[in-house]
>>> print(open('run-v1.cif').read())   # mmCIF, C-alpha atoms and all ligand atoms
data_input
loop_
_atom_site.group_PDB
_atom_site.id
_atom_site.type_symbol
_atom_site.label_atom_id
_atom_site.label_comp_id
_atom_site.auth_asym_id
_atom_site.auth_seq_id
_atom_site.Cartn_x
_atom_site.Cartn_y
_atom_site.Cartn_z
ATOM 1 C CA MET E 5 215.879 125.961 85.978
ATOM 2 C CA THR E 6 213.292 123.244 85.359
ATOM 3 C CA ALA E 7 211.175 121.621 88.084
ATOM 4 C CA HIS E 8 213.301 118.492 87.605
ATOM 5 C CA ASN E 9 216.502 120.433 88.288
ATOM 6 C CA PHE E 10 215.001 122.099 91.358
ATOM 7 C CA GLN E 11 213.987 118.658 92.624
ATOM 8 C CA LEU E 12 217.595 117.472 92.286
ATOM 9 C CA VAL E 13 218.846 120.522 94.226
ATOM 10 C CA LEU E 14 216.331 120.008 97.061
ATOM 11 C CA ASP E 15 217.112 116.267 97.270
ATOM 12 C CA ASP E 16 220.796 117.055 97.370
ATOM 13 C CA ILE E 17 220.271 119.538 100.229
ATOM 14 C CA ASN E 18 218.083 117.045 102.101
ATOM 15 C CA ASP E 19 220.810 114.374 101.753
ATOM 16 C CA ALA E 20 223.421 116.788 103.096
ATOM 17 C CA ILE E 21 221.300 118.021 106.020
ATOM 18 C CA ARG E 22 219.899 114.701 107.342
ATOM 19 C CA PRO E 23 223.175 113.422 108.867
ATOM 20 C CA LEU E 24 223.393 116.707 110.825
ATOM 21 C CA LEU E 25 219.959 116.391 112.468
ATOM 22 C CA GLY E 26 220.031 116.328 116.256
ATOM 23 C CA LYS E 27 223.688 117.369 116.497
ATOM 24 C CA GLU E 28 223.314 121.078 117.291
ATOM 25 C CA GLY E 29 220.720 123.646 118.319
ATOM 26 C CA GLN E 30 217.750 123.514 120.692
ATOM 27 C CA VAL E 31 214.028 123.247 120.071
ATOM 28 C CA ALA E 32 212.227 126.332 121.454
ATOM 29 C CA SER E 33 211.382 125.465 125.049
ATOM 30 C CA TYR E 34 209.756 128.648 126.348
ATOM 31 C CA ILE E 35 206.479 127.555 124.744
ATOM 32 C CA PRO E 36 205.851 124.112 126.333
ATOM 33 C CA ALA E 37 203.852 122.746 123.379
ATOM 34 C CA LEU E 38 206.796 123.505 121.055
ATOM 35 C CA ALA E 39 209.344 121.913 123.402
ATOM 36 C CA ARG E 40 207.742 118.514 122.676
ATOM 37 C CA VAL E 41 208.402 118.653 118.909
ATOM 38 C CA PRO E 42 211.083 116.068 117.888
ATOM 39 C CA ALA E 43 214.192 117.914 116.697
ATOM 40 C CA GLN E 44 215.280 115.369 114.108
ATOM 41 C CA GLN E 45 213.147 116.599 111.236
ATOM 42 C CA PHE E 46 213.958 118.567 108.113
ATOM 43 C CA GLY E 47 211.771 119.626 105.215
ATOM 44 C CA ILE E 48 212.230 121.867 102.192
ATOM 45 C CA ALA E 49 209.777 122.924 99.473
ATOM 46 C CA LEU E 50 209.631 125.537 96.729
ATOM 47 C CA ARG E 51 207.160 126.947 94.277
ATOM 48 C CA THR E 52 208.219 128.834 91.166
ATOM 49 C CA ARG E 53 206.514 131.990 89.946
ATOM 50 C CA ASP E 54 204.692 129.959 87.293
ATOM 51 C CA GLY E 55 203.499 127.277 89.717
ATOM 52 C CA GLN E 56 206.033 124.446 89.456
ATOM 53 C CA GLU E 57 206.637 122.761 92.792
ATOM 54 C CA ALA E 58 209.427 120.651 94.278
ATOM 55 C CA ALA E 59 209.859 119.279 97.808
ATOM 56 C CA SER E 60 212.114 116.987 99.805
ATOM 57 C CA GLY E 61 212.450 115.497 103.308
ATOM 58 C CA ASP E 62 209.665 116.210 105.802
ATOM 59 C CA ALA E 63 208.075 118.846 103.572
ATOM 60 C CA ALA E 64 204.561 117.512 104.175
ATOM 61 C CA VAL E 65 204.809 117.412 107.982
ATOM 62 C CA PRO E 66 202.830 120.251 109.607
ATOM 63 C CA PHE E 67 204.519 122.518 112.130
ATOM 64 C CA SER E 68 203.767 125.708 114.044
ATOM 65 C CA ILE E 69 204.466 128.634 111.717
ATOM 66 C CA GLN E 70 204.973 131.059 114.627
ATOM 67 C CA SER E 71 206.517 134.334 113.452
ATOM 68 C CA MET E 72 206.253 133.428 109.779
ATOM 69 C CA SER E 73 202.595 134.399 110.296
ATOM 70 C CA LYS E 74 203.786 137.998 110.694
ATOM 71 C CA VAL E 75 204.310 138.229 106.923
ATOM 72 C CA PHE E 76 200.620 137.523 106.326
ATOM 73 C CA THR E 77 199.346 139.852 109.059
ATOM 74 C CA LEU E 78 201.642 142.609 107.807
ATOM 75 C CA THR E 79 200.283 142.052 104.298
ATOM 76 C CA LEU E 80 196.702 142.467 105.529
ATOM 77 C CA ALA E 81 197.549 145.549 107.591
ATOM 78 C CA MET E 82 199.522 147.273 104.799
ATOM 79 C CA LYS E 83 196.705 146.618 102.401
ATOM 80 C CA HIS E 84 193.998 147.980 104.713
ATOM 81 C CA LEU E 85 195.816 150.852 106.413
ATOM 82 C CA GLY E 86 198.281 152.067 103.811
ATOM 83 C CA GLU E 87 200.731 154.642 105.168
ATOM 84 C CA HIS E 88 198.774 154.986 108.429
ATOM 85 C CA LEU E 89 200.241 151.690 109.590
ATOM 86 C CA TRP E 90 203.625 153.391 110.016
ATOM 87 C CA GLU E 91 202.303 155.959 112.478
ATOM 88 C CA ARG E 92 202.705 153.380 115.245
ATOM 89 C CA ILE E 93 205.357 150.993 113.901
ATOM 90 C CA GLY E 94 208.887 151.628 112.613
ATOM 91 C CA ARG E 95 210.794 150.033 109.752
ATOM 92 C CA GLU E 96 214.305 149.634 111.119
ATOM 93 C CA PRO E 97 216.086 146.438 112.186
ATOM 94 C CA SER E 98 216.006 146.157 115.959
ATOM 95 C CA GLY E 99 219.418 144.591 116.617
ATOM 96 C CA ASN E 100 217.773 143.224 119.760
ATOM 97 C CA PRO E 101 216.138 139.902 120.662
ATOM 98 C CA PHE E 102 212.621 139.535 119.234
ATOM 99 C CA ASN E 103 210.932 139.830 122.621
ATOM 100 C CA SER E 104 213.060 142.624 124.091
ATOM 101 C CA LEU E 105 211.370 145.223 126.286
ATOM 102 C CA VAL E 106 214.258 147.661 126.595
ATOM 103 C CA GLN E 107 214.022 149.235 123.152
ATOM 104 C CA LEU E 108 210.265 149.636 123.437
ATOM 105 C CA GLU E 109 210.704 151.725 126.558
ATOM 106 C CA GLN E 110 213.448 153.851 125.017
ATOM 107 C CA GLU E 111 211.286 154.475 121.956
ATOM 108 C CA ARG E 112 208.177 155.311 123.930
ATOM 109 C CA GLY E 113 206.013 152.376 122.931
ATOM 110 C CA LYS E 114 206.679 152.487 119.156
ATOM 111 C CA PRO E 115 208.055 149.095 118.026
ATOM 112 C CA ARG E 116 211.094 149.224 115.739
ATOM 113 C CA ASN E 117 209.522 147.052 113.040
ATOM 114 C CA PRO E 118 206.470 144.863 112.352
ATOM 115 C CA PHE E 119 208.356 141.577 112.757
ATOM 116 C CA ILE E 120 209.605 141.831 116.333
ATOM 117 C CA ASN E 121 206.968 140.675 118.802
ATOM 118 C CA ALA E 122 205.964 144.189 119.884
ATOM 119 C CA GLY E 123 205.535 145.227 116.236
ATOM 120 C CA ALA E 124 203.494 142.147 115.372
ATOM 121 C CA ILE E 125 201.283 142.705 118.418
ATOM 122 C CA ALA E 126 200.735 146.297 117.223
ATOM 123 C CA VAL E 127 199.828 144.927 113.760
ATOM 124 C CA ALA E 128 197.382 142.452 115.356
ATOM 125 C CA ASP E 129 195.793 145.384 117.203
ATOM 126 C CA ARG E 130 195.204 147.220 113.926
ATOM 127 C CA LEU E 131 193.657 144.093 112.411
ATOM 128 C CA VAL E 132 191.299 143.808 115.396
ATOM 129 C CA THR E 133 190.238 147.415 114.764
ATOM 130 C CA GLN E 134 189.719 146.656 111.067
ATOM 131 C CA GLY E 135 187.527 143.563 111.305
ATOM 132 C CA ASN E 136 187.404 139.965 112.435
ATOM 133 C CA ALA E 137 191.164 139.553 112.697
ATOM 134 C CA LYS E 138 191.471 135.785 113.281
ATOM 135 C CA ALA E 139 189.000 134.931 110.532
ATOM 136 C CA ASP E 140 190.634 137.421 108.146
ATOM 137 C CA ILE E 141 194.094 135.930 108.721
ATOM 138 C CA LEU E 142 192.885 132.337 108.275
ATOM 139 C CA ALA E 143 190.913 133.289 105.171
ATOM 140 C CA LEU E 144 193.937 134.949 103.554
ATOM 141 C CA VAL E 145 196.364 132.119 104.301
ATOM 142 C CA SER E 146 193.882 129.376 103.346
ATOM 143 C CA SER E 147 193.050 131.096 100.087
ATOM 144 C CA LEU E 148 196.727 131.564 99.228
ATOM 145 C CA CYS E 149 197.697 127.955 99.805
ATOM 146 C CA GLY E 150 194.485 126.548 98.406
ATOM 147 C CA GLU E 151 193.641 124.486 101.490
ATOM 148 C CA ALA E 152 191.953 125.305 104.796
ATOM 149 C CA VAL E 153 194.660 125.961 107.393
ATOM 150 C CA GLN E 154 193.939 125.640 111.113
ATOM 151 C CA ILE E 155 195.038 127.126 114.394
ATOM 152 C CA ASP E 156 196.576 124.548 116.747
ATOM 153 C CA ALA E 157 194.523 125.183 119.889
ATOM 154 C CA GLU E 158 197.016 123.398 122.136
ATOM 155 C CA VAL E 159 199.905 125.609 120.999
ATOM 156 C CA ALA E 160 197.751 128.746 121.277
ATOM 157 C CA GLN E 161 196.790 127.823 124.836
ATOM 158 C CA SER E 162 200.389 127.013 125.694
ATOM 159 C CA GLU E 163 201.447 130.448 124.405
ATOM 160 C CA ALA E 164 198.669 132.139 126.357
ATOM 161 C CA ASP E 165 199.673 130.293 129.548
ATOM 162 C CA THR E 166 203.337 131.266 129.308
ATOM 163 C CA GLY E 167 203.352 134.447 127.195
ATOM 164 C CA PHE E 168 204.393 136.704 130.039
ATOM 165 C CA ARG E 169 206.795 138.742 127.934
ATOM 166 C CA ASN E 170 204.262 139.258 125.180
ATOM 167 C CA ALA E 171 201.729 140.362 127.793
ATOM 168 C CA ALA E 172 204.348 142.766 129.143
ATOM 169 C CA LEU E 173 205.022 144.173 125.650
ATOM 170 C CA ALA E 174 201.303 144.607 124.960
ATOM 171 C CA ASN E 175 200.603 146.243 128.324
ATOM 172 C CA PHE E 176 203.571 148.502 127.826
ATOM 173 C CA MET E 177 202.289 149.681 124.446
ATOM 174 C CA LYS E 178 198.846 150.136 125.926
ATOM 175 C CA SER E 179 200.359 152.424 128.556
ATOM 176 C CA PHE E 180 201.612 154.634 125.706
ATOM 177 C CA ALA E 181 198.144 154.480 124.087
ATOM 178 C CA SER E 182 199.717 152.628 121.134
ATOM 179 C CA LEU E 183 197.033 149.917 121.085
ATOM 180 C CA ASP E 184 193.380 150.614 120.244
ATOM 181 C CA ASN E 185 191.969 147.438 121.732
ATOM 182 C CA ASP E 186 192.022 145.410 124.960
ATOM 183 C CA VAL E 187 195.342 143.740 125.617
ATOM 184 C CA ALA E 188 193.622 140.342 126.073
ATOM 185 C CA THR E 189 191.813 140.593 122.723
ATOM 186 C CA VAL E 190 194.963 141.580 120.863
ATOM 187 C CA LEU E 191 197.073 138.847 122.464
ATOM 188 C CA ASP E 192 194.412 136.264 121.642
ATOM 189 C CA VAL E 193 194.803 137.147 117.952
ATOM 190 C CA TYR E 194 198.593 137.243 118.174
ATOM 191 C CA PHE E 195 198.820 133.807 119.843
ATOM 192 C CA ALA E 196 196.320 132.380 117.357
ATOM 193 C CA GLN E 197 198.245 133.591 114.301
ATOM 194 C CA CYS E 198 201.512 132.188 115.705
ATOM 195 C CA SER E 199 199.794 128.825 116.325
ATOM 196 C CA ILE E 200 198.719 128.233 112.723
ATOM 197 C CA ARG E 201 199.891 124.810 111.542
ATOM 198 C CA MET E 202 201.209 124.425 108.020
ATOM 199 C CA ASN E 203 203.806 122.335 106.205
ATOM 200 C CA CYS E 204 206.665 123.520 103.988
ATOM 201 C CA GLU E 205 204.720 122.895 100.783
ATOM 202 C CA GLN E 206 201.798 124.998 101.986
ATOM 203 C CA VAL E 207 204.022 127.847 103.182
ATOM 204 C CA ALA E 208 205.972 127.972 99.894
ATOM 205 C CA ARG E 209 202.636 128.188 98.062
ATOM 206 C CA ALA E 210 201.038 130.701 100.433
ATOM 207 C CA ALA E 211 203.997 133.082 100.177
ATOM 208 C CA ALA E 212 204.044 132.874 96.385
ATOM 209 C CA TYR E 213 202.485 136.325 95.886
ATOM 210 C CA LEU E 214 205.783 137.733 97.164
ATOM 211 C CA CYS E 215 207.601 136.484 94.051
ATOM 212 C CA ARG E 216 204.743 137.398 91.679
ATOM 213 C CA ASP E 217 204.416 141.182 92.097
ATOM 214 C CA GLY E 218 201.693 140.644 94.717
ATOM 215 C CA ARG E 219 199.522 138.393 92.547
ATOM 216 C CA HIS E 220 197.622 135.496 94.074
ATOM 217 C CA PRO E 221 199.291 132.163 93.215
ATOM 218 C CA ARG E 222 196.072 130.542 92.008
ATOM 219 C CA THR E 223 193.682 133.288 90.894
ATOM 220 C CA ASN E 224 196.302 135.809 89.751
ATOM 221 C CA ALA E 225 194.224 138.593 91.371
ATOM 222 C CA PRO E 226 196.290 141.209 93.252
ATOM 223 C CA VAL E 227 196.729 140.302 96.944
ATOM 224 C CA VAL E 228 198.706 143.526 97.377
ATOM 225 C CA SER E 229 200.204 145.941 94.867
ATOM 226 C CA GLU E 230 203.601 145.420 93.260
ATOM 227 C CA ARG E 231 204.951 148.339 95.312
ATOM 228 C CA LEU E 232 203.742 146.926 98.623
ATOM 229 C CA THR E 233 205.155 143.538 97.673
ATOM 230 C CA ARG E 234 208.594 145.089 97.224
ATOM 231 C CA ARG E 235 208.215 146.757 100.615
ATOM 232 C CA ILE E 236 207.251 143.521 102.365
ATOM 233 C CA ASN E 237 210.276 141.813 100.816
ATOM 234 C CA SER E 238 212.541 144.656 101.923
ATOM 235 C CA LEU E 239 211.273 144.389 105.495
ATOM 236 C CA MET E 240 211.850 140.635 105.435
ATOM 237 C CA LEU E 241 215.428 141.201 104.309
ATOM 238 C CA THR E 242 216.215 143.849 106.926
ATOM 239 C CA CYS E 243 214.065 142.691 109.862
ATOM 240 C CA GLY E 244 212.756 139.171 109.172
ATOM 241 C CA THR E 245 215.219 137.023 111.077
ATOM 242 C CA TYR E 246 215.469 138.631 114.526
ATOM 243 C CA ASP E 247 218.866 140.099 115.255
ATOM 244 C CA ALA E 248 220.536 137.832 112.679
ATOM 245 C CA ALA E 249 219.233 139.795 109.665
ATOM 246 C CA GLY E 250 222.750 140.956 108.783
ATOM 247 C CA GLU E 251 224.057 137.389 108.928
ATOM 248 C CA PHE E 252 221.178 136.188 106.730
ATOM 249 C CA ALA E 253 221.855 138.904 104.155
ATOM 250 C CA PHE E 254 225.544 138.014 104.198
ATOM 251 C CA ARG E 255 225.181 134.235 103.975
ATOM 252 C CA ILE E 256 221.921 133.846 102.020
ATOM 253 C CA GLY E 257 221.095 137.199 100.411
ATOM 254 C CA LEU E 258 217.329 136.704 100.191
ATOM 255 C CA PRO E 259 214.334 138.198 102.015
ATOM 256 C CA CYS E 260 213.471 135.662 104.744
ATOM 257 C CA LYS E 261 211.105 135.370 107.692
ATOM 258 C CA SER E 262 211.771 132.835 110.417
ATOM 259 C CA GLY E 263 209.692 131.491 113.298
ATOM 260 C CA VAL E 264 210.610 129.754 116.551
ATOM 261 C CA GLY E 265 208.787 126.632 115.310
ATOM 262 C CA GLY E 266 211.881 126.186 113.108
ATOM 263 C CA GLY E 267 210.422 127.336 109.805
ATOM 264 C CA ILE E 268 211.959 129.922 107.478
ATOM 265 C CA VAL E 269 210.258 131.270 104.372
ATOM 266 C CA ALA E 270 212.485 132.845 101.710
ATOM 267 C CA VAL E 271 211.680 134.831 98.570
ATOM 268 C CA VAL E 272 213.637 135.003 95.330
ATOM 269 C CA PRO E 273 211.849 138.030 93.846
ATOM 270 C CA ASP E 274 210.277 137.335 90.449
ATOM 271 C CA GLN E 275 211.387 133.703 90.581
ATOM 272 C CA LEU E 276 210.244 131.538 93.479
ATOM 273 C CA THR E 277 209.378 131.119 97.144
ATOM 274 C CA LEU E 278 210.985 128.531 99.359
ATOM 275 C CA CYS E 279 210.226 127.157 102.824
ATOM 276 C CA VAL E 280 212.616 125.180 105.011
ATOM 277 C CA TRP E 281 211.844 123.661 108.396
ATOM 278 C CA SER E 282 213.918 122.032 111.096
ATOM 279 C CA PRO E 283 212.910 122.596 114.740
ATOM 280 C CA ALA E 284 216.312 123.015 116.433
ATOM 281 C CA LEU E 285 217.189 126.719 116.749
ATOM 282 C CA ASP E 286 220.428 128.638 117.152
ATOM 283 C CA ALA E 287 220.981 131.264 119.854
ATOM 284 C CA THR E 288 219.214 133.953 117.799
ATOM 285 C CA GLY E 289 216.023 131.835 117.511
ATOM 286 C CA ASN E 290 216.490 130.893 113.851
ATOM 287 C CA SER E 291 216.408 127.289 112.619
ATOM 288 C CA LEU E 292 220.029 126.231 112.553
ATOM 289 C CA LEU E 293 219.762 123.663 109.771
ATOM 290 C CA GLY E 294 217.090 125.677 107.977
ATOM 291 C CA MET E 295 219.592 128.487 107.648
ATOM 292 C CA LYS E 296 222.276 126.072 106.468
ATOM 293 C CA ALA E 297 219.873 124.631 103.874
ATOM 294 C CA LEU E 298 219.047 128.100 102.550
ATOM 295 C CA GLU E 299 222.721 128.901 102.305
ATOM 296 C CA MET E 300 223.259 125.725 100.285
ATOM 297 C CA PHE E 301 220.307 126.584 98.045
ATOM 298 C CA ALA E 302 221.617 130.079 97.360
ATOM 299 C CA GLY E 303 225.095 128.687 96.727
ATOM 300 C CA GLN E 304 223.961 125.927 94.354
ATOM 301 C CA THR E 305 221.501 128.012 92.344
ATOM 302 C CA GLY E 306 223.322 131.368 92.483
ATOM 303 C CA MET E 307 220.002 133.003 93.455
ATOM 304 C CA SER E 308 220.380 136.217 95.463
ATOM 305 C CA VAL E 309 218.981 139.734 95.463
ATOM 306 C CA PHE E 310 222.520 141.107 95.379
HETATM 307 N N1 LIG Z 1 204.693 133.109 119.445
HETATM 308 C C1 LIG Z 1 206.088 133.394 119.581
HETATM 309 C C2 LIG Z 1 206.305 134.452 120.619
HETATM 310 O O1 LIG Z 1 205.603 135.372 120.624
HETATM 311 C C3 LIG Z 1 206.623 133.820 118.262
HETATM 312 C C4 LIG Z 1 208.080 134.035 118.294
HETATM 313 C C5 LIG Z 1 208.747 133.818 116.976
HETATM 314 O O2 LIG Z 1 208.442 132.891 116.241
HETATM 315 O O3 LIG Z 1 209.612 134.640 116.707
HETATM 316 O O4 LIG Z 1 207.130 134.390 121.440
#
>>> encode(input="run-v1.cif", output="structure tokens", more="lines below")
Ligand code: GLU
Amino acid sequence: MTAHNFQLVLDDINDAIRPLLGKEGQVASYIPALARVPAQQFGIALRTRDGQEAASGDAAVPFSIQSMSKVFTLTLAMKHLGEHLWERIGREPSGNPFNSLVQLEQERGKPRNPFINAGAIAVADRLVTQGNAKADILALVSSLCGEAVQIDAEVAQSEADTGFRNAALANFMKSFASLDNDVATVLDVYFAQCSIRMNCEQVARAAAYLCRDGRHPRTNAPVVSERLTRRINSLMLTCGTYDAAGEFAFRIGLPCKSGVGGGIVAVVPDQLTLCVWSPALDATGNSLLGMKALEMFAGQTGMSVF
């Protein structure tokens, strides 16, 4: 498809979604700074493997990327630690809410996968051990999207003030000696990565290496190997959307990673990356209209990994 045709598809989806804004779903309220975000917003942007871009709606409005950041931290950790990463983190869907404690206790402090909160906190711990985690994450994401991205200090503070469950998960892992570093240091990195602000256009660009065999969207240098890229995409498909991963595979059929800020990034391997954003969430914590928009995109273009 040409950039012009993609633009028509995105405009068509935007036209269909806008009348639905504000009708269903709830903005995440457990992080006070996110509860203030107006629900009636929708953006969609894509970038093809060869760099063509299209966007519609509120695609240039920045939002809190939240758990979408876990794709970038996982990328850094897989690159630096190789197979050792999997000594402390599993690769199976959790089938449980993203912040559940129960499974972590049953599995003796080893998180099911790197995308649930416990798993992402364990990844953040490994990045703290490796280097200057916050700076490394910001440097990677900024380089990928070609613009300096920032941490929203207000959101990070709001998460730190109310992140009781995340503190519980981190302390619990620490009790099993599954974290190398201080709980406070690790949580500081985790809250910072979740509080990065980006818009749909930037996210679609930053994720582009996932549809280009791991190659950087601007420099073409390898960000990660082709093999690791396939693995990241497989984890997104099986574990990227909380306990709705089966529903996403069924309705959309693409590797996706969502965040409670209402963003979802999707990958069409070898073809394009796509980001949708609408703040109102469904009961599983995924953007309700973002999911609907992705379903429309897959339906209209026929793009799917299946
Ligand atoms: N910062 C959020 C939390 O830890 C991220 C949740 C998400 O986006 O899934 O609760």
>>> residues_around(input="run-v1.cif", residues="Ala128 (chain E)", least_positions_apart="3", cutoff="12 Å", atoms="all atoms listed in the file", output="PyMOL selection string")
chain E and resi 73-82+89+93+118-119+121-125+131-138+140-141+174+182-198
>>> residues_around(input="run-v1.cif", residues="Pro42 (chain E)", least_positions_apart="4", cutoff="9 Å", atoms="all atoms listed in the file", output="list of chain:residue names")
E:Val31, E:Pro283, E:Ala284
>>> closest_atom_pairs(input="run-v1.cif", of="chain E", to="ligand LIG 1 (chain Z)", cutoff="7 Å", atoms="all atoms listed in the file", output="CSV")
residue,atom,partner,partner_atom,distance
E:Gln70,CA,Z:LIG1,O2,4.2
E:Ser71,CA,Z:LIG1,O2,3.7
E:Met72,CA,Z:LIG1,O2,6.8
E:Phe102,CA,Z:LIG1,O3,6.3
E:Asn103,CA,Z:LIG1,O4,6.7
E:Asn121,CA,Z:LIG1,O1,5.8
E:Glu163,CA,Z:LIG1,N1,6.5
E:Gly167,CA,Z:LIG1,O4,6.9
E:Asn170,CA,Z:LIG1,O1,6.1
E:Phe195,CA,Z:LIG1,N1,5.9
E:Cys198,CA,Z:LIG1,N1,5.0
E:Ser262,CA,Z:LIG1,O2,6.7
E:Gly263,CA,Z:LIG1,O2,3.5
E:Val264,CA,Z:LIG1,O2,3.8
E:Gly265,CA,Z:LIG1,O2,6.3
>>> atom_distance(input="run-v1.cif", atom1="CA of Arg231 (chain E)", atom2="CA of Leu85 (chain E)")
14.6 Å
>>> axis_aligned_box(input="run-v1.cif", around="region 277-296 of chain E", padding_each_side="8 Å", output="JSON")
{"center_x": 215.8, "center_y": 128.0, "center_z": 108.5, "size_x": 28.9, "size_y": 27.9, "size_z": 38.7}
>>> resolve_selection(input="run-v1.cif", expression="the PyMOL selection byres (((chain E and resi 33-36) around 9) and not hetatm)", output="list of chain:residue names")
E:Gln30, E:Val31, E:Ala32, E:Ala37, E:Leu38, E:Ala39, E:Arg40, E:Val159, E:Ser162, E:Glu163, E:Asp165, E:Thr166, E:Gly167
>>> atom_distance(input="run-v1.cif", atom1="CA of Arg209 (chain E)", atom2="CA of Arg130 (chain E)")
25.9 Å
>>> resolve_selection(input="run-v1.cif", expression="the PyMOL selection byres (((chain E and resi 51) around 7) and not hetatm)", output="list in words")
Leu50, Thr52, Arg53, Gly55, Gln56, Glu57, Ala58, Ala208, Arg209, Leu276, Thr277 and Leu278 of chain E
>>> write_last_selection(input="run-v1.cif", atoms="C-alpha atoms", output="CSV table (one decimal), in the coordinates of the input")
chain,number,residue,atom,x,y,z
E,50,LEU,CA,209.6,125.5,96.7
E,52,THR,CA,208.2,128.8,91.2
E,53,ARG,CA,206.5,132.0,89.9
E,55,GLY,CA,203.5,127.3,89.7
E,56,GLN,CA,206.0,124.4,89.5
E,57,GLU,CA,206.6,122.8,92.8
E,58,ALA,CA,209.4,120.7,94.3
E,208,ALA,CA,206.0,128.0,99.9
E,209,ARG,CA,202.6,128.2,98.1
E,276,LEU,CA,210.2,131.5,93.5
E,277,THR,CA,209.4,131.1,97.1
E,278,LEU,CA,211.0,128.5,99.4
>>> atom_distance(input="run-v1.cif", atom1="CA of Leu173 (chain E)", atom2="CA of Pro66 (chain E)")
28.9 Å
>>> residues_near_point(input="run-v1.cif", point="(206.8, 117.5, 102.9)", cutoff="10 Å", atoms="all atoms listed in the file", output="list of chain:residue names")
E:Phe46, E:Gly47, E:Ile48, E:Ala49, E:Ala58, E:Ala59, E:Ser60, E:Gly61, E:Asp62, E:Ala63, E:Ala64, E:Val65, E:Pro66, E:Asn203, E:Cys204, E:Glu205, E:Gln206, E:Val280, E:Trp281
>>> resolve_selection(input="run-v1.cif", expression="the PyMOL selection byres (((chain E and resi 245) around 9) and not hetatm)", output="PyMOL selection string")
chain E and resi 102+119+240-244+246-250+252+260-263+268+288-290
>>> closest_residue(input="run-v1.cif", among="E:Asp156, E:Asp286, E:Glu111, E:Glu87", to="Arg235 (chain E)", atoms="only C-alpha atoms")
E:Glu87
>>> closest_atom_pairs(input="run-v1.cif", of="region 187-273 of chain E", to="region 293-300 of chain E", cutoff="9 Å", atoms="all atoms listed in the file", output="JSON lines")
{"residue": "E:Phe252", "atom": "CA", "partner": "E:Met295", "partner_atom": "CA", "distance": 7.9}
{"residue": "E:Arg255", "atom": "CA", "partner": "E:Glu299", "partner_atom": "CA", "distance": 6.1}
{"residue": "E:Ile256", "atom": "CA", "partner": "E:Glu299", "partner_atom": "CA", "distance": 5.0}
{"residue": "E:Gly257", "atom": "CA", "partner": "E:Glu299", "partner_atom": "CA", "distance": 8.7}
{"residue": "E:Gly266", "atom": "CA", "partner": "E:Gly294", "partner_atom": "CA", "distance": 7.3}
{"residue": "E:Gly267", "atom": "CA", "partner": "E:Gly294", "partner_atom": "CA", "distance": 7.1}
{"residue": "E:Ile268", "atom": "CA", "partner": "E:Gly294", "partner_atom": "CA", "distance": 6.7}
{"residue": "E:Ala270", "atom": "CA", "partner": "E:Leu298", "partner_atom": "CA", "distance": 8.1}
>>> decode(input="run-v1.cif", residues="region 23-31 of chain E", atoms="N, CA, C and O atoms", output="PDB file, in the first residue's frame")
ATOM      1  N   PRO E  23     -16.935   9.517  16.953  1.00  0.00           N
ATOM      2  CA  PRO E  23     -18.273   9.580  17.570  1.00  0.00           C
ATOM      3  C   PRO E  23     -18.408   8.672  18.804  1.00  0.00           C
ATOM      4  O   PRO E  23     -19.345   8.831  19.582  1.00  0.00           O
ATOM      5  N   LEU E  24     -17.474   7.740  18.985  1.00  0.00           N
ATOM      6  CA  LEU E  24     -17.569   6.803  20.112  1.00  0.00           C
ATOM      7  C   LEU E  24     -16.838   7.311  21.357  1.00  0.00           C
ATOM      8  O   LEU E  24     -16.956   6.729  22.438  1.00  0.00           O
ATOM      9  N   LEU E  25     -16.073   8.399  21.194  1.00  0.00           N
ATOM     10  CA  LEU E  25     -15.256   8.893  22.318  1.00  0.00           C
ATOM     11  C   LEU E  25     -16.135   9.282  23.501  1.00  0.00           C
ATOM     12  O   LEU E  25     -17.171   9.932  23.328  1.00  0.00           O
ATOM     13  N   GLY E  26     -15.714   8.882  24.686  1.00  0.00           N
ATOM     14  CA  GLY E  26     -16.427   9.276  25.902  1.00  0.00           C
ATOM     15  C   GLY E  26     -17.628   8.413  26.222  1.00  0.00           C
ATOM     16  O   GLY E  26     -18.305   8.616  27.230  1.00  0.00           O
ATOM     17  N   LYS E  27     -17.946   7.448  25.369  1.00  0.00           N
ATOM     18  CA  LYS E  27     -19.149   6.627  25.606  1.00  0.00           C
ATOM     19  C   LYS E  27     -18.886   5.456  26.545  1.00  0.00           C
ATOM     20  O   LYS E  27     -19.759   5.058  27.306  1.00  0.00           O
ATOM     21  N   GLU E  28     -17.708   4.861  26.449  1.00  0.00           N
ATOM     22  CA  GLU E  28     -17.423   3.654  27.253  1.00  0.00           C
ATOM     23  C   GLU E  28     -16.004   3.701  27.776  1.00  0.00           C
ATOM     24  O   GLU E  28     -15.158   4.387  27.216  1.00  0.00           O
ATOM     25  N   GLY E  29     -15.735   2.901  28.800  1.00  0.00           N
ATOM     26  CA  GLY E  29     -14.377   2.771  29.332  1.00  0.00           C
ATOM     27  C   GLY E  29     -14.072   3.834  30.375  1.00  0.00           C
ATOM     28  O   GLY E  29     -14.819   4.804  30.539  1.00  0.00           O
ATOM     29  N   GLN E  30     -12.986   3.653  31.090  1.00  0.00           N
ATOM     30  CA  GLN E  30     -12.586   4.547  32.179  1.00  0.00           C
ATOM     31  C   GLN E  30     -11.109   4.865  32.042  1.00  0.00           C
ATOM     32  O   GLN E  30     -10.305   3.963  31.806  1.00  0.00           O
ATOM     33  N   VAL E  31     -10.773   6.135  32.234  1.00  0.00           N
ATOM     34  CA  VAL E  31      -9.359   6.518  32.297  1.00  0.00           C
ATOM     35  C   VAL E  31      -8.760   5.905  33.566  1.00  0.00           C
ATOM     36  O   VAL E  31      -9.440   5.830  34.598  1.00  0.00           O
TER      37      VAL E  31
END
